[in-house]
$ cat my_file.cif   # mmCIF, C-alpha atoms
data_start
#
loop_
_atom_site.group_PDB
_atom_site.id
_atom_site.type_symbol
_atom_site.label_atom_id
_atom_site.label_comp_id
_atom_site.auth_asym_id
_atom_site.auth_seq_id
_atom_site.Cartn_x
_atom_site.Cartn_y
_atom_site.Cartn_z
ATOM 1 C CA MET A 7 148.838 9.021 164.766
ATOM 2 C CA THR A 8 146.035 11.551 164.619
ATOM 3 C CA SER A 9 146.370 15.066 165.800
ATOM 4 C CA ALA A 10 144.021 16.571 168.355
ATOM 5 C CA ARG A 11 143.693 19.824 166.419
ATOM 6 C CA PRO A 12 140.291 20.723 164.945
ATOM 7 C CA VAL A 13 139.908 20.749 161.197
ATOM 8 C CA ASP A 14 140.576 24.152 159.675
ATOM 9 C CA PRO A 15 137.415 25.243 157.826
ATOM 10 C CA TYR A 16 139.458 27.227 155.296
ATOM 11 C CA SER A 17 142.062 24.617 154.514
ATOM 12 C CA GLN A 18 142.807 23.571 150.963
ATOM 13 C CA ASP A 19 143.240 19.840 151.664
ATOM 14 C CA GLY A 20 139.851 18.800 150.320
ATOM 15 C CA GLN A 21 137.778 18.944 153.464
ATOM 16 C CA THR A 22 134.994 21.517 153.219
ATOM 17 C CA TYR A 23 133.371 23.322 156.074
ATOM 18 C CA HIS A 24 129.630 22.867 156.627
ATOM 19 C CA PRO A 25 128.002 25.269 159.091
ATOM 20 C CA PRO A 26 125.502 23.826 161.536
ATOM 21 C CA GLN A 27 121.971 23.569 160.146
ATOM 22 C CA ALA A 28 118.900 24.799 162.004
ATOM 23 C CA TYR A 29 116.644 22.188 160.357
ATOM 24 C CA PRO A 30 117.572 18.779 159.037
ATOM 25 C CA ALA A 31 117.773 18.396 155.263
ATOM 26 C CA PRO A 32 114.803 16.714 153.571
ATOM 27 C CA PRO A 33 115.487 13.088 152.716
ATOM 28 C CA GLY A 34 116.699 12.391 149.194
ATOM 29 C CA GLY A 35 117.391 15.941 148.105
ATOM 30 C CA ALA A 36 119.576 18.981 148.409
ATOM 31 C CA PRO A 37 119.372 20.872 151.648
ATOM 32 C CA SER A 38 116.417 23.258 151.625
ATOM 33 C CA VAL A 39 116.918 26.737 153.000
ATOM 34 C CA GLY A 40 113.353 27.945 152.778
ATOM 35 C CA PRO A 41 109.995 27.421 151.160
ATOM 36 C CA GLN A 42 110.934 29.514 148.139
ATOM 37 C CA GLN A 43 113.360 26.844 146.891
ATOM 38 C CA GLY A 44 110.595 24.325 146.467
ATOM 39 C CA GLY A 45 112.080 21.689 148.714
ATOM 40 C CA GLY A 46 110.175 18.609 149.804
ATOM 41 C CA THR A 47 106.441 18.830 150.174
ATOM 42 C CA ASP A 48 106.493 16.788 153.336
ATOM 43 C CA GLY A 49 107.767 19.836 155.275
ATOM 44 C CA ALA A 50 110.871 18.192 156.700
ATOM 45 C CA GLY A 51 113.198 21.163 156.042
ATOM 46 C CA VAL A 52 110.634 23.936 155.910
ATOM 47 C CA ARG A 53 109.578 25.914 158.915
ATOM 48 C CA ARG A 54 105.817 26.127 159.130
ATOM 49 C CA PRO A 55 103.806 28.510 161.308
ATOM 50 C CA ARG A 56 102.103 27.213 164.392
ATOM 51 C CA THR A 57 98.453 26.341 163.959
ATOM 52 C CA GLY A 58 97.311 28.344 166.979
ATOM 53 C CA ALA A 59 99.216 31.516 166.096
ATOM 54 C CA ARG A 60 97.365 34.805 166.471
ATOM 55 C CA THR A 61 96.476 36.739 163.365
ATOM 56 C CA VAL A 62 95.366 39.929 165.167
ATOM 57 C CA PRO A 63 98.268 42.101 166.373
ATOM 58 C CA ARG A 64 98.412 42.436 170.115
ATOM 59 C CA THR A 65 98.650 45.917 171.641
ATOM 60 C CA ARG A 66 101.041 46.029 174.538
ATOM 61 C CA LYS A 67 100.176 48.320 177.426
ATOM 62 C CA ALA A 68 102.299 49.484 180.301
ATOM 63 C CA ARG A 69 101.197 51.403 183.378
ATOM 64 C CA LEU A 70 103.910 53.752 184.518
ATOM 65 C CA ARG A 71 104.100 56.200 187.372
ATOM 66 C CA VAL A 72 105.819 59.584 187.269
ATOM 67 C CA ALA A 73 107.342 59.484 190.721
ATOM 68 C CA LYS A 74 109.679 62.486 190.489
ATOM 69 C CA ALA A 75 110.267 65.487 188.252
ATOM 70 C CA ASP A 76 113.842 66.732 188.269
ATOM 71 C CA PRO A 77 113.659 70.458 189.147
ATOM 72 C CA TRP A 78 116.858 71.258 187.225
ATOM 73 C CA SER A 79 115.566 69.782 183.961
ATOM 74 C CA VAL A 80 112.151 71.416 184.495
ATOM 75 C CA MET A 81 113.898 74.754 184.985
ATOM 76 C CA LYS A 82 115.975 74.369 181.796
ATOM 77 C CA VAL A 83 113.008 73.340 179.654
ATOM 78 C CA SER A 84 110.703 76.030 181.034
ATOM 79 C CA PHE A 85 113.425 78.659 180.528
ATOM 80 C CA LEU A 86 113.875 77.722 176.875
ATOM 81 C CA LEU A 87 110.127 77.531 176.240
ATOM 82 C CA SER A 88 109.459 80.880 177.890
ATOM 83 C CA ILE A 89 112.249 82.491 175.849
ATOM 84 C CA ALA A 90 110.657 81.104 172.693
ATOM 85 C CA ILE A 91 107.245 82.434 173.764
ATOM 86 C CA GLY A 92 108.809 85.825 174.545
ATOM 87 C CA ILE A 93 110.428 86.045 171.102
ATOM 88 C CA CYS A 94 107.135 85.049 169.453
ATOM 89 C CA THR A 95 105.332 87.726 171.474
ATOM 90 C CA ILE A 96 107.763 90.446 170.382
ATOM 91 C CA ILE A 97 107.476 89.429 166.718
ATOM 92 C CA ALA A 98 103.674 89.254 166.936
ATOM 93 C CA VAL A 99 103.444 92.730 168.481
ATOM 94 C CA TRP A 100 105.772 94.122 165.807
ATOM 95 C CA VAL A 101 103.691 92.587 162.989
ATOM 96 C CA LEU A 102 100.427 93.773 164.589
ATOM 97 C CA TRP A 103 101.788 97.317 165.003
ATOM 98 C CA MET A 104 102.936 97.408 161.373
ATOM 99 C CA VAL A 105 99.547 96.204 160.107
ATOM 100 C CA MET A 106 97.636 98.686 162.265
ATOM 101 C CA ASP A 107 99.927 101.532 161.191
ATOM 102 C CA ALA A 108 99.539 100.594 157.517
ATOM 103 C CA MET A 109 95.746 100.594 157.933
ATOM 104 C CA GLY A 110 95.864 104.096 159.484
ATOM 105 C CA VAL A 111 94.362 103.077 162.809
ATOM 106 C CA PHE A 112 96.738 105.179 164.925
ATOM 107 C CA SER A 113 96.282 108.324 162.844
ATOM 108 C CA SER A 114 92.483 108.139 162.802
ATOM 109 C CA ILE A 115 92.204 107.412 166.543
ATOM 110 C CA GLY A 116 94.885 110.049 167.210
ATOM 111 C CA ASP A 117 92.904 112.686 165.311
ATOM 112 C CA VAL A 118 89.797 111.911 167.376
ATOM 113 C CA ILE A 119 91.758 112.095 170.654
ATOM 114 C CA ILE A 120 93.482 115.361 169.665
ATOM 115 C CA GLU A 121 90.116 116.863 168.764
ATOM 116 C CA ALA A 122 88.550 115.695 172.043
ATOM 117 C CA THR A 123 91.395 116.798 174.321
ATOM 118 C CA GLY A 124 92.507 119.917 172.463
ATOM 119 C CA SER A 125 92.174 123.445 173.793
ATOM 120 C CA GLU A 126 92.492 126.914 172.273
ATOM 121 C CA ASP A 127 96.015 127.506 173.546
ATOM 122 C CA GLY A 128 97.599 124.154 172.577
ATOM 123 C CA SER A 129 97.117 120.789 171.014
ATOM 124 C CA GLY A 130 95.740 117.733 172.821
ATOM 125 C CA PHE A 131 97.206 114.301 173.511
ATOM 126 C CA ASP A 132 99.266 112.919 170.596
ATOM 127 C CA LEU A 133 98.570 109.174 170.377
ATOM 128 C CA GLU A 134 100.923 108.564 167.433
ATOM 129 C CA ALA A 135 103.912 109.939 169.363
ATOM 130 C CA PHE A 136 102.960 107.942 172.460
ATOM 131 C CA LEU A 137 102.466 104.625 170.597
ATOM 132 C CA SER A 138 105.593 104.796 168.446
ATOM 133 C CA LEU A 139 107.136 101.496 167.364
ATOM 134 C CA PRO A 140 110.308 101.761 169.525
ATOM 135 C CA ARG A 141 108.269 102.545 172.631
ATOM 136 C CA VAL A 142 105.830 99.670 172.023
ATOM 137 C CA LEU A 143 108.644 97.185 171.340
ATOM 138 C CA MET A 144 110.540 98.313 174.459
ATOM 139 C CA PHE A 145 107.429 97.782 176.598
ATOM 140 C CA THR A 146 106.810 94.376 174.961
ATOM 141 C CA THR A 147 110.432 93.330 175.565
ATOM 142 C CA LEU A 148 110.137 94.328 179.224
ATOM 143 C CA ILE A 149 106.963 92.255 179.592
ATOM 144 C CA ALA A 150 108.633 89.293 177.808
ATOM 145 C CA VAL A 151 111.674 89.388 180.134
ATOM 146 C CA ILE A 152 109.421 89.477 183.201
ATOM 147 C CA ASP A 153 107.453 86.570 181.730
ATOM 148 C CA VAL A 154 110.638 84.527 181.208
ATOM 149 C CA VAL A 155 111.717 85.011 184.817
ATOM 150 C CA LEU A 156 108.271 84.334 186.286
ATOM 151 C CA ALA A 157 107.495 81.297 184.097
ATOM 152 C CA THR A 158 110.869 79.710 184.875
ATOM 153 C CA ALA A 159 110.501 80.314 188.607
ATOM 154 C CA LEU A 160 106.913 79.058 188.712
ATOM 155 C CA ALA A 161 107.699 75.903 186.724
ATOM 156 C CA THR A 162 110.639 75.085 188.996
ATOM 157 C CA LEU A 163 108.516 75.713 192.079
ATOM 158 C CA GLY A 164 105.841 73.492 190.550
ATOM 159 C CA ALA A 165 108.410 70.692 190.179
ATOM 160 C CA PHE A 166 109.324 70.957 193.860
ATOM 161 C CA ILE A 167 105.658 70.926 194.890
ATOM 162 C CA TYR A 168 104.976 67.941 192.602
ATOM 163 C CA ASN A 169 107.866 66.001 194.175
ATOM 164 C CA LEU A 170 106.499 66.694 197.653
ATOM 165 C CA SER A 171 102.969 65.638 196.747
ATOM 166 C CA ALA A 172 104.173 62.596 194.787
ATOM 167 C CA GLY A 173 105.885 61.415 197.967
ATOM 168 C CA PHE A 174 102.499 61.347 199.687
ATOM 169 C CA VAL A 175 100.201 60.024 196.964
ATOM 170 C CA GLY A 176 102.622 58.174 194.713
ATOM 171 C CA GLY A 177 102.657 60.405 191.642
ATOM 172 C CA VAL A 178 100.719 60.468 188.396
ATOM 173 C CA GLU A 179 99.983 57.140 186.724
ATOM 174 C CA VAL A 180 100.230 57.008 182.943
ATOM 175 C CA THR A 181 99.158 54.118 180.710
ATOM 176 C CA LEU A 182 101.247 53.762 177.562
ATOM 177 C CA ALA A 183 100.124 51.651 174.614
ATOM 178 C CA GLU A 184 102.206 50.456 171.676
ATOM 179 C CA ASP A 185 100.674 50.672 168.203
ATOM 180 C CA GLU A 186 101.646 47.987 165.703
#

$ encode --input "my_file.cif" --output "structure tokens"
Amino acid sequence: MTSARPVDPYSQDGQTYHPPQAYPAPPGGAPSVGPQQGGGTDGAGVRRPRTGARTVPRTRKARLRVAKADPWSVMKVSFLLSIAIGICTIIAVWVLWMVMDAMGVFSSIGDVIIEATGSEDGSGFDLEAFLSLPRVLMFTTLIAVIDVVLATALATLGAFIYNLSAGFVGGVEVTLAEDE
């Protein structure tokens, strides 16, 4: 009586497991896995390319439409970008002030202004005291904070306006291409 159980592929009773083959073995030889083994020359077990296959890579293109811009994500991104621009502005003003002070620009212009605005009873306008580094950096920081608030608000408002106009005209169409 035979059992209805399948043969165990890992059993030790002499039966070996053979996985299913994608291509039949060439006649009269060992099974060929690929062309590197030098199987039959008749091509029975070797996969050959199609004769009409393209040799030039094809560039895929897709036309997409930006139908909606999420105002919350636009606000977050514009906030972070405007903070980065504000920090860069403060650092650039600091470096520019240091370079101009090292070159003696403030002292030479200050001497000319003091000479032009001076009187017999007192000295004139002191440019070096007015354009001190802490005062310039405080003014730059104030401008940067105002810029952060305005840029964030304007970008978010722009997202709302884009969503309204995209509802009427369909949005911006973008063509994407894939390079190979």

$ atom_distance --input "my_file.cif" --atom1 "atom CA of A:Met81" --atom2 "atom CA of A:Ile93"
18.2 Å

$ closest_residue --input "my_file.cif" --among "A:Ala122, A:Leu137, A:Val72, A:Val151" --to "A:Met106" --atoms "all atoms listed in the file"
A:Leu137

$ resolve_selection --input "my_file.cif" --expression "the PyMOL selection byres ((chain A and resi 113) around 12)" --output "JSON, numbers by chain"
{"A": [106, 107, 108, 109, 110, 111, 112, 114, 115, 116, 117, 118, 119, 120, 132, 133, 134, 135, 136, 137, 138]}

$ residues_around --input "my_file.cif" --residues "stretch 171-175 of chain A" --least-positions-apart "5" --cutoff "10 Å" --atoms "all atoms listed in the file" --output "PyMOL selection string"
chain A and resi 71-75+165-166

$ closest_residue --input "my_file.cif" --among "A:Asp185, A:Glu121, A:Asp153, A:Asp76" --to "A:Thr95" --atoms "all atoms listed in the file"
A:Asp153

$ build_atoms --input "my_file.cif" --residues "stretch 141-152 of chain A" --atoms "all heavy atoms" --output "JSON list (two decimals), in the coordinates of the input"
[["chain", "number", "residue", "atom", "x", "y", "z"],
["A", 141, "ARG", "N", 108.83, 102.56, 171.28],
["A", 141, "ARG", "CA", 108.27, 102.54, 172.63],
["A", 141, "ARG", "C", 107.44, 101.28, 172.86],
["A", 141, "ARG", "O", 107.52, 100.65, 173.92],
["A", 141, "ARG", "CB", 107.41, 103.78, 172.84],
["A", 141, "ARG", "CG", 106.85, 103.86, 174.24],
["A", 141, "ARG", "CD", 106.11, 105.13, 174.46],
["A", 141, "ARG", "NE", 107.07, 106.19, 174.76],
["A", 141, "ARG", "CZ", 106.75, 107.44, 175.02],
["A", 141, "ARG", "NH1", 105.49, 107.81, 174.99],
["A", 141, "ARG", "NH2", 107.67, 108.33, 175.30],
["A", 142, "VAL", "N", 106.65, 100.88, 171.89],
["A", 142, "VAL", "CA", 105.83, 99.67, 172.02],
["A", 142, "VAL", "C", 106.71, 98.43, 172.11],
["A", 142, "VAL", "O", 106.46, 97.53, 172.94],
["A", 142, "VAL", "CB", 104.84, 99.58, 170.84],
["A", 142, "VAL", "CG1", 104.17, 98.22, 170.79],
["A", 142, "VAL", "CG2", 103.80, 100.67, 170.94],
["A", 143, "LEU", "N", 107.75, 98.35, 171.29],
["A", 143, "LEU", "CA", 108.64, 97.18, 171.34],
["A", 143, "LEU", "C", 109.45, 97.14, 172.64],
["A", 143, "LEU", "O", 109.72, 96.05, 173.16],
["A", 143, "LEU", "CB", 109.57, 97.18, 170.14],
["A", 143, "LEU", "CG", 108.92, 96.82, 168.81],
["A", 143, "LEU", "CD1", 109.95, 96.81, 167.69],
["A", 143, "LEU", "CD2", 108.22, 95.48, 168.88],
["A", 144, "MET", "N", 109.82, 98.31, 173.19],
["A", 144, "MET", "CA", 110.54, 98.31, 174.46],
["A", 144, "MET", "C", 109.63, 97.81, 175.59],
["A", 144, "MET", "O", 110.06, 97.02, 176.43],
["A", 144, "MET", "CB", 111.04, 99.72, 174.79],
["A", 144, "MET", "CG", 111.91, 99.74, 176.02],
["A", 144, "MET", "SD", 112.61, 101.34, 176.52],
["A", 144, "MET", "CE", 112.21, 102.47, 175.28],
["A", 145, "PHE", "N", 108.38, 98.25, 175.59],
["A", 145, "PHE", "CA", 107.43, 97.78, 176.60],
["A", 145, "PHE", "C", 107.18, 96.28, 176.45],
["A", 145, "PHE", "O", 107.12, 95.55, 177.44],
["A", 145, "PHE", "CB", 106.12, 98.57, 176.47],
["A", 145, "PHE", "CG", 105.09, 98.18, 177.46],
["A", 145, "PHE", "CD1", 105.22, 98.50, 178.80],
["A", 145, "PHE", "CD2", 103.97, 97.46, 177.06],
["A", 145, "PHE", "CE1", 104.26, 98.13, 179.72],
["A", 145, "PHE", "CE2", 103.02, 97.07, 177.97],
["A", 145, "PHE", "CZ", 103.16, 97.41, 179.31],
["A", 146, "THR", "N", 107.04, 95.81, 175.21],
["A", 146, "THR", "CA", 106.81, 94.38, 174.96],
["A", 146, "THR", "C", 108.01, 93.55, 175.40],
["A", 146, "THR", "O", 107.85, 92.47, 175.97],
["A", 146, "THR", "CB", 106.52, 94.15, 173.47],
["A", 146, "THR", "OG1", 105.42, 94.96, 173.09],
["A", 146, "THR", "CG2", 106.19, 92.69, 173.20],
["A", 147, "THR", "N", 109.22, 94.04, 175.14],
["A", 147, "THR", "CA", 110.43, 93.33, 175.56],
["A", 147, "THR", "C", 110.51, 93.25, 177.09],
["A", 147, "THR", "O", 110.88, 92.21, 177.65],
["A", 147, "THR", "CB", 111.68, 94.02, 175.00],
["A", 147, "THR", "OG1", 111.55, 94.10, 173.59],
["A", 147, "THR", "CG2", 112.94, 93.27, 175.35],
["A", 148, "LEU", "N", 110.14, 94.34, 177.76],
["A", 148, "LEU", "CA", 110.14, 94.33, 179.22],
["A", 148, "LEU", "C", 109.15, 93.30, 179.76],
["A", 148, "LEU", "O", 109.47, 92.52, 180.67],
["A", 148, "LEU", "CB", 109.79, 95.73, 179.75],
["A", 148, "LEU", "CG", 109.71, 95.86, 181.26],
["A", 148, "LEU", "CD1", 111.08, 95.70, 181.88],
["A", 148, "LEU", "CD2", 109.08, 97.18, 181.63],
["A", 149, "ILE", "N", 107.97, 93.24, 179.18],
["A", 149, "ILE", "CA", 106.96, 92.26, 179.59],
["A", 149, "ILE", "C", 107.46, 90.83, 179.31],
["A", 149, "ILE", "O", 107.27, 89.91, 180.12],
["A", 149, "ILE", "CB", 105.63, 92.52, 178.88],
["A", 149, "ILE", "CG1", 105.05, 93.86, 179.30],
["A", 149, "ILE", "CG2", 104.62, 91.40, 179.13],
["A", 149, "ILE", "CD1", 104.70, 93.94, 180.77],
["A", 150, "ALA", "N", 108.13, 90.62, 178.16],
["A", 150, "ALA", "CA", 108.63, 89.29, 177.81],
["A", 150, "ALA", "C", 109.73, 88.84, 178.77],
["A", 150, "ALA", "O", 109.77, 87.66, 179.16],
["A", 150, "ALA", "CB", 109.15, 89.29, 176.38],
["A", 151, "VAL", "N", 110.61, 89.75, 179.18],
["A", 151, "VAL", "CA", 111.67, 89.39, 180.13],
["A", 151, "VAL", "C", 111.07, 89.03, 181.49],
["A", 151, "VAL", "O", 111.48, 88.04, 182.13],
["A", 151, "VAL", "CB", 112.70, 90.55, 180.25],
["A", 151, "VAL", "CG1", 113.63, 90.35, 181.44],
["A", 151, "VAL", "CG2", 113.50, 90.67, 178.97],
["A", 152, "ILE", "N", 110.08, 89.80, 181.93],
["A", 152, "ILE", "CA", 109.42, 89.48, 183.20],
["A", 152, "ILE", "C", 108.72, 88.12, 183.10],
["A", 152, "ILE", "O", 108.75, 87.31, 184.03],
["A", 152, "ILE", "CB", 108.43, 90.60, 183.58],
["A", 152, "ILE", "CG1", 109.21, 91.86, 183.95],
["A", 152, "ILE", "CG2", 107.52, 90.18, 184.73],
["A", 152, "ILE", "CD1", 108.35, 93.09, 184.15]]
